[in-house]
Amino acid sequence: MSTPSNVVTVTSPEHFQSVLSQDLQRVSLINFWAPWAAPCAQMNEVVLELAKKYPTLLVIQVDAESQEDISESFNVESVPTFVILQGHTLLSRIAGADAAALTEAIATHTHAPSSVQPQSHTEKPPAAPIDNSAEKAESEEQLDDRCRSIMAQSRVVLFMKGEPDAPRCGFSRKIVALLRDQGVEFTHFDILKDESVRSRLKTLNDWPTFPQLIVNREFVGGLDIVQEMVENGEFDDVVKVHT
């Protein structure tokens with residue numbers, strides 16, 4: 001399949017800025033993907049079809065891991081993630097392999113870009129809009145109890161992005177592979193499906209990122225700590241004991 005002329009794969013942050021700045025009136029679709037993520041393969045096909053259907057659309061392909069600086073500037077925490085811009089104005093942001101939502105958003109913004117009500121405008125690439133609609137749905141005590149209940153659902157619990165067979169970030173993919181290589185049985189919780197749990201765990205465990213590994217209801221660490229434990233021999237004593 002030939003790549004449409006309006007599809008550009010960026011190779012550096014400088015290349016990205018150069019491509020994005022060529023025409024600030026043009027609608028751009030930024031596709032953050034990773035070669036190891038199965039949902040990205042399907043959505044890459046959708047993106048190419050959209051590029052063919054809308055030749056005025058600029059499609060920018062970004063390997064989220066090899067172009068980490070670009071991913072961080074857009075607060076990309078999982079793949080696939082799609083950001084639609086006009087210049088530096090955020091028009092829409094879609095997380096996950098939602099082909100229908102992406103197709104609808106592109107149709108809306110490419111057909112009538114002048115009538116779009118932007119979510120924000122800045123000289124820098126904008127981050128995700130914050131959705132507070134679900135806040136206060138439960139008390140802090142209830143949320144704490146729910147988080148602790150999840151942490152106690154088995155001896156080893158992994159809070160990750162995505163599913164073990166379909167991780168949505170490289171760190172989650174690596175820790176799943178590590179646990180499987182070590183022969184550790186574990187249950188998991190996809191924090192991308194519950195923003196309340198995701199936010200609260202950062203405070204409860206005093207750890208700002210994911211994945212988070214829990215053993216016997218206690219926080220053990222993230223990927224770097226678990227890798228270090230494997231290397232220095234602590235992993236067997238802490239994680240594999242009695243398994």
# chains A, B, ... in the order shown; residues from 1 in each chain; ligands from 1
>>> residues_around(residues="Phe235 (chain A)", least_positions_apart="3", cutoff="12 Å", atoms="only C-alpha atoms", output="mmCIF file with N, CA, C and O atoms, in the first residue's frame")
data_model
loop_
_atom_site.group_PDB
_atom_site.id
_atom_site.type_symbol
_atom_site.label_atom_id
_atom_site.label_comp_id
_atom_site.auth_asym_id
_atom_site.auth_seq_id
_atom_site.Cartn_x
_atom_site.Cartn_y
_atom_site.Cartn_z
ATOM 1 N N LEU A 178 8.408 -9.044 32.245
ATOM 2 C CA LEU A 178 9.291 -9.407 33.354
ATOM 3 C C LEU A 178 8.601 -10.381 34.304
ATOM 4 O O LEU A 178 9.180 -11.394 34.706
ATOM 5 N N LEU A 179 7.370 -10.079 34.682
ATOM 6 C CA LEU A 179 6.645 -10.952 35.611
ATOM 7 C C LEU A 179 6.429 -12.338 35.002
ATOM 8 O O LEU A 179 6.562 -13.362 35.688
ATOM 9 N N GLN A 182 9.572 -14.323 35.014
ATOM 10 C CA GLN A 182 9.909 -14.787 36.352
ATOM 11 C C GLN A 182 8.906 -15.820 36.868
ATOM 12 O O GLN A 182 9.049 -16.308 37.995
ATOM 13 N N GLY A 183 7.901 -16.128 36.071
ATOM 14 C CA GLY A 183 6.927 -17.133 36.461
ATOM 15 C C GLY A 183 5.975 -16.693 37.553
ATOM 16 O O GLY A 183 5.467 -17.520 38.323
ATOM 17 N N VAL A 184 5.707 -15.398 37.640
ATOM 18 C CA VAL A 184 4.844 -14.861 38.688
ATOM 19 C C VAL A 184 3.402 -14.780 38.187
ATOM 20 O O VAL A 184 3.130 -14.184 37.140
ATOM 21 N N LEU A 213 3.350 -2.108 41.067
ATOM 22 C CA LEU A 213 3.241 -3.511 41.466
ATOM 23 C C LEU A 213 2.932 -3.601 42.955
ATOM 24 O O LEU A 213 3.609 -2.982 43.775
ATOM 25 N N VAL A 215 2.267 -6.274 46.182
ATOM 26 C CA VAL A 215 2.447 -7.637 46.685
ATOM 27 C C VAL A 215 1.955 -7.672 48.130
ATOM 28 O O VAL A 215 2.386 -6.853 48.958
ATOM 29 N N VAL A 220 5.173 -2.222 45.987
ATOM 30 C CA VAL A 220 6.561 -2.649 45.826
ATOM 31 C C VAL A 220 7.351 -1.643 45.003
ATOM 32 O O VAL A 220 8.455 -1.242 45.373
ATOM 33 N N GLY A 221 6.787 -1.206 43.868
ATOM 34 C CA GLY A 221 7.496 -0.233 43.041
ATOM 35 C C GLY A 221 6.991 -0.229 41.621
ATOM 36 O O GLY A 221 6.054 -0.950 41.257
ATOM 37 N N ILE A 225 12.199 -0.078 39.707
ATOM 38 C CA ILE A 225 12.481 -0.722 40.991
ATOM 39 C C ILE A 225 12.398 -2.236 40.864
ATOM 40 O O ILE A 225 13.243 -2.975 41.386
ATOM 41 N N VAL A 226 11.369 -2.712 40.158
ATOM 42 C CA VAL A 226 11.209 -4.161 40.002
ATOM 43 C C VAL A 226 12.372 -4.738 39.196
ATOM 44 O O VAL A 226 12.899 -5.810 39.525
ATOM 45 N N GLN A 227 12.799 -4.040 38.160
ATOM 46 C CA GLN A 227 13.955 -4.503 37.392
ATOM 47 C C GLN A 227 15.198 -4.571 38.271
ATOM 48 O O GLN A 227 15.983 -5.527 38.197
ATOM 49 N N GLU A 228 15.388 -3.569 39.111
ATOM 50 C CA GLU A 228 16.545 -3.554 40.007
ATOM 51 C C GLU A 228 16.474 -4.712 41.003
ATOM 52 O O GLU A 228 17.497 -5.330 41.329
ATOM 53 N N MET A 229 15.257 -5.022 41.474
ATOM 54 C CA MET A 229 15.093 -6.132 42.411
ATOM 55 C C MET A 229 15.462 -7.469 41.767
ATOM 56 O O MET A 229 16.040 -8.342 42.414
ATOM 57 N N VAL A 230 15.133 -7.617 40.492
ATOM 58 C CA VAL A 230 15.504 -8.833 39.779
ATOM 59 C C VAL A 230 17.023 -8.937 39.680
ATOM 60 O O VAL A 230 17.613 -10.004 39.896
ATOM 61 N N GLU A 231 17.653 -7.813 39.369
ATOM 62 C CA GLU A 231 19.104 -7.813 39.170
ATOM 63 C C GLU A 231 19.869 -8.081 40.466
ATOM 64 O O GLU A 231 20.910 -8.741 40.447
ATOM 65 N N ASN A 232 19.366 -7.572 41.608
ATOM 66 C CA ASN A 232 20.123 -7.746 42.856
ATOM 67 C C ASN A 232 19.645 -8.921 43.704
ATOM 68 O O ASN A 232 20.136 -9.127 44.819
ATOM 69 N N VAL A 238 10.900 -11.045 47.760
ATOM 70 C CA VAL A 238 9.743 -10.175 47.973
ATOM 71 C C VAL A 238 8.535 -10.617 47.165
ATOM 72 O O VAL A 238 7.412 -10.671 47.673
ATOM 73 N N VAL A 239 8.744 -10.979 45.905
ATOM 74 C CA VAL A 239 7.631 -11.214 44.995
ATOM 75 C C VAL A 239 7.313 -12.693 44.813
ATOM 76 O O VAL A 239 6.159 -13.103 44.862
ATOM 77 N N LYS A 240 8.353 -13.510 44.672
ATOM 78 C CA LYS A 240 8.120 -14.911 44.301
ATOM 79 C C LYS A 240 7.933 -15.837 45.492
ATOM 80 O O LYS A 240 7.556 -16.992 45.332
ATOM 81 N N VAL A 241 8.196 -15.345 46.696
ATOM 82 C CA VAL A 241 8.083 -16.211 47.856
ATOM 83 C C VAL A 241 6.665 -16.748 48.001
ATOM 84 O O VAL A 241 5.683 -16.029 47.827
#
>>> select_by_dssp(residues="region 16-232 of chain A", states="helix (DSSP H, G or I)", output="ChimeraX atom specification")
/A:16-21,38-53,68-73,99-111,113-115,140-151,170-181,191-193,195-204,223-232
>>> closest_atom_pairs(of="region 157-195 of chain A", to="region 60-71 of chain A", cutoff="12 Å", atoms="only C-alpha atoms", output="JSON lines")
{"residue": "A:Arg168", "atom": "CA", "partner": "A:Ala64", "partner_atom": "CA", "distance": 10.9}
{"residue": "A:Cys169", "atom": "CA", "partner": "A:Glu65", "partner_atom": "CA", "distance": 8.8}
{"residue": "A:Gly170", "atom": "CA", "partner": "A:Glu65", "partner_atom": "CA", "distance": 7.4}
{"residue": "A:Phe171", "atom": "CA", "partner": "A:Glu65", "partner_atom": "CA", "distance": 10.1}
>>> atom_distance(atom1="CA of Leu29 (chain A)", atom2="CA of Ser78 (chain A)")
16.6 Å
>>> residues_around(residues="Ala37 (chain A)", least_positions_apart="6", cutoff="8 Å", atoms="only C-alpha atoms", output="short mmCIF file (atom, residue, chain, number, x, y, z; two decimals) with N, CA, C and O atoms, in the first residue's frame")
data_model
loop_
_atom_site.label_atom_id
_atom_site.label_comp_id
_atom_site.auth_asym_id
_atom_site.auth_seq_id
_atom_site.Cartn_x
_atom_site.Cartn_y
_atom_site.Cartn_z
N VAL A 79 -0.78 4.32 24.02
CA VAL A 79 -0.97 4.28 22.57
C VAL A 79 -2.08 3.29 22.23
O VAL A 79 -2.28 2.31 22.96
N ALA A 166 -2.46 -6.89 25.81
CA ALA A 166 -2.59 -5.71 24.95
C ALA A 166 -2.23 -4.46 25.75
O ALA A 166 -3.07 -3.59 26.00
N PRO A 167 -0.96 -4.35 26.19
CA PRO A 167 -0.54 -3.17 26.96
C PRO A 167 -0.60 -1.91 26.10
O PRO A 167 -0.46 -1.97 24.89
N ARG A 168 -0.79 -0.77 26.78
CA ARG A 168 -0.91 0.48 26.05
C ARG A 168 0.18 1.49 26.39
O ARG A 168 0.08 2.67 26.07
#
>>> residues_around(residues="Ala97 (chain A)", least_positions_apart="2", cutoff="10 Å", atoms="only C-alpha atoms", output="ChimeraX atom specification")
/A:38-44,46,79-82,94-95,99-102
>>> closest_residue(among="A:Gln17, A:Ser92, A:Leu58, A:Ala34", to="Pro4 (chain A)", atoms="only C-alpha atoms")
A:Leu58
>>> residues_around(residues="Met151 (chain A)", least_positions_apart="3", cutoff="7 Å", atoms="only C-alpha atoms", output="CSV table (one decimal) with N, CA and C atoms, in the first residue's frame")
chain,number,residue,atom,x,y,z
A,147,CYS,N,-9.9,1.3,46.3
A,147,CYS,CA,-8.5,1.1,45.8
A,147,CYS,C,-7.8,-0.1,46.6
A,148,ARG,N,-8.0,-0.1,47.9
A,148,ARG,CA,-7.4,-1.1,48.8
A,148,ARG,C,-8.0,-2.5,48.5
A,157,VAL,N,-0.7,-7.9,42.5
A,157,VAL,CA,-1.6,-7.1,41.6
A,157,VAL,C,-0.8,-6.1,40.9
A,214,ILE,N,1.9,-4.4,43.3
A,214,ILE,CA,1.5,-4.6,44.7
A,214,ILE,C,1.7,-6.0,45.0
A,217,ARG,N,-0.8,-6.7,49.3
A,217,ARG,CA,-1.5,-5.4,49.6
A,217,ARG,C,-0.5,-4.2,49.8
>>> select_by_dssp(residues="region 1-229 of chain A", states="strand (DSSP E or B)", output="ChimeraX atom specification")
/A:7-9,27-33,58-63,81-86,89-95,120-121,156-160,162-163,166-167,187-190,212-215,218-221
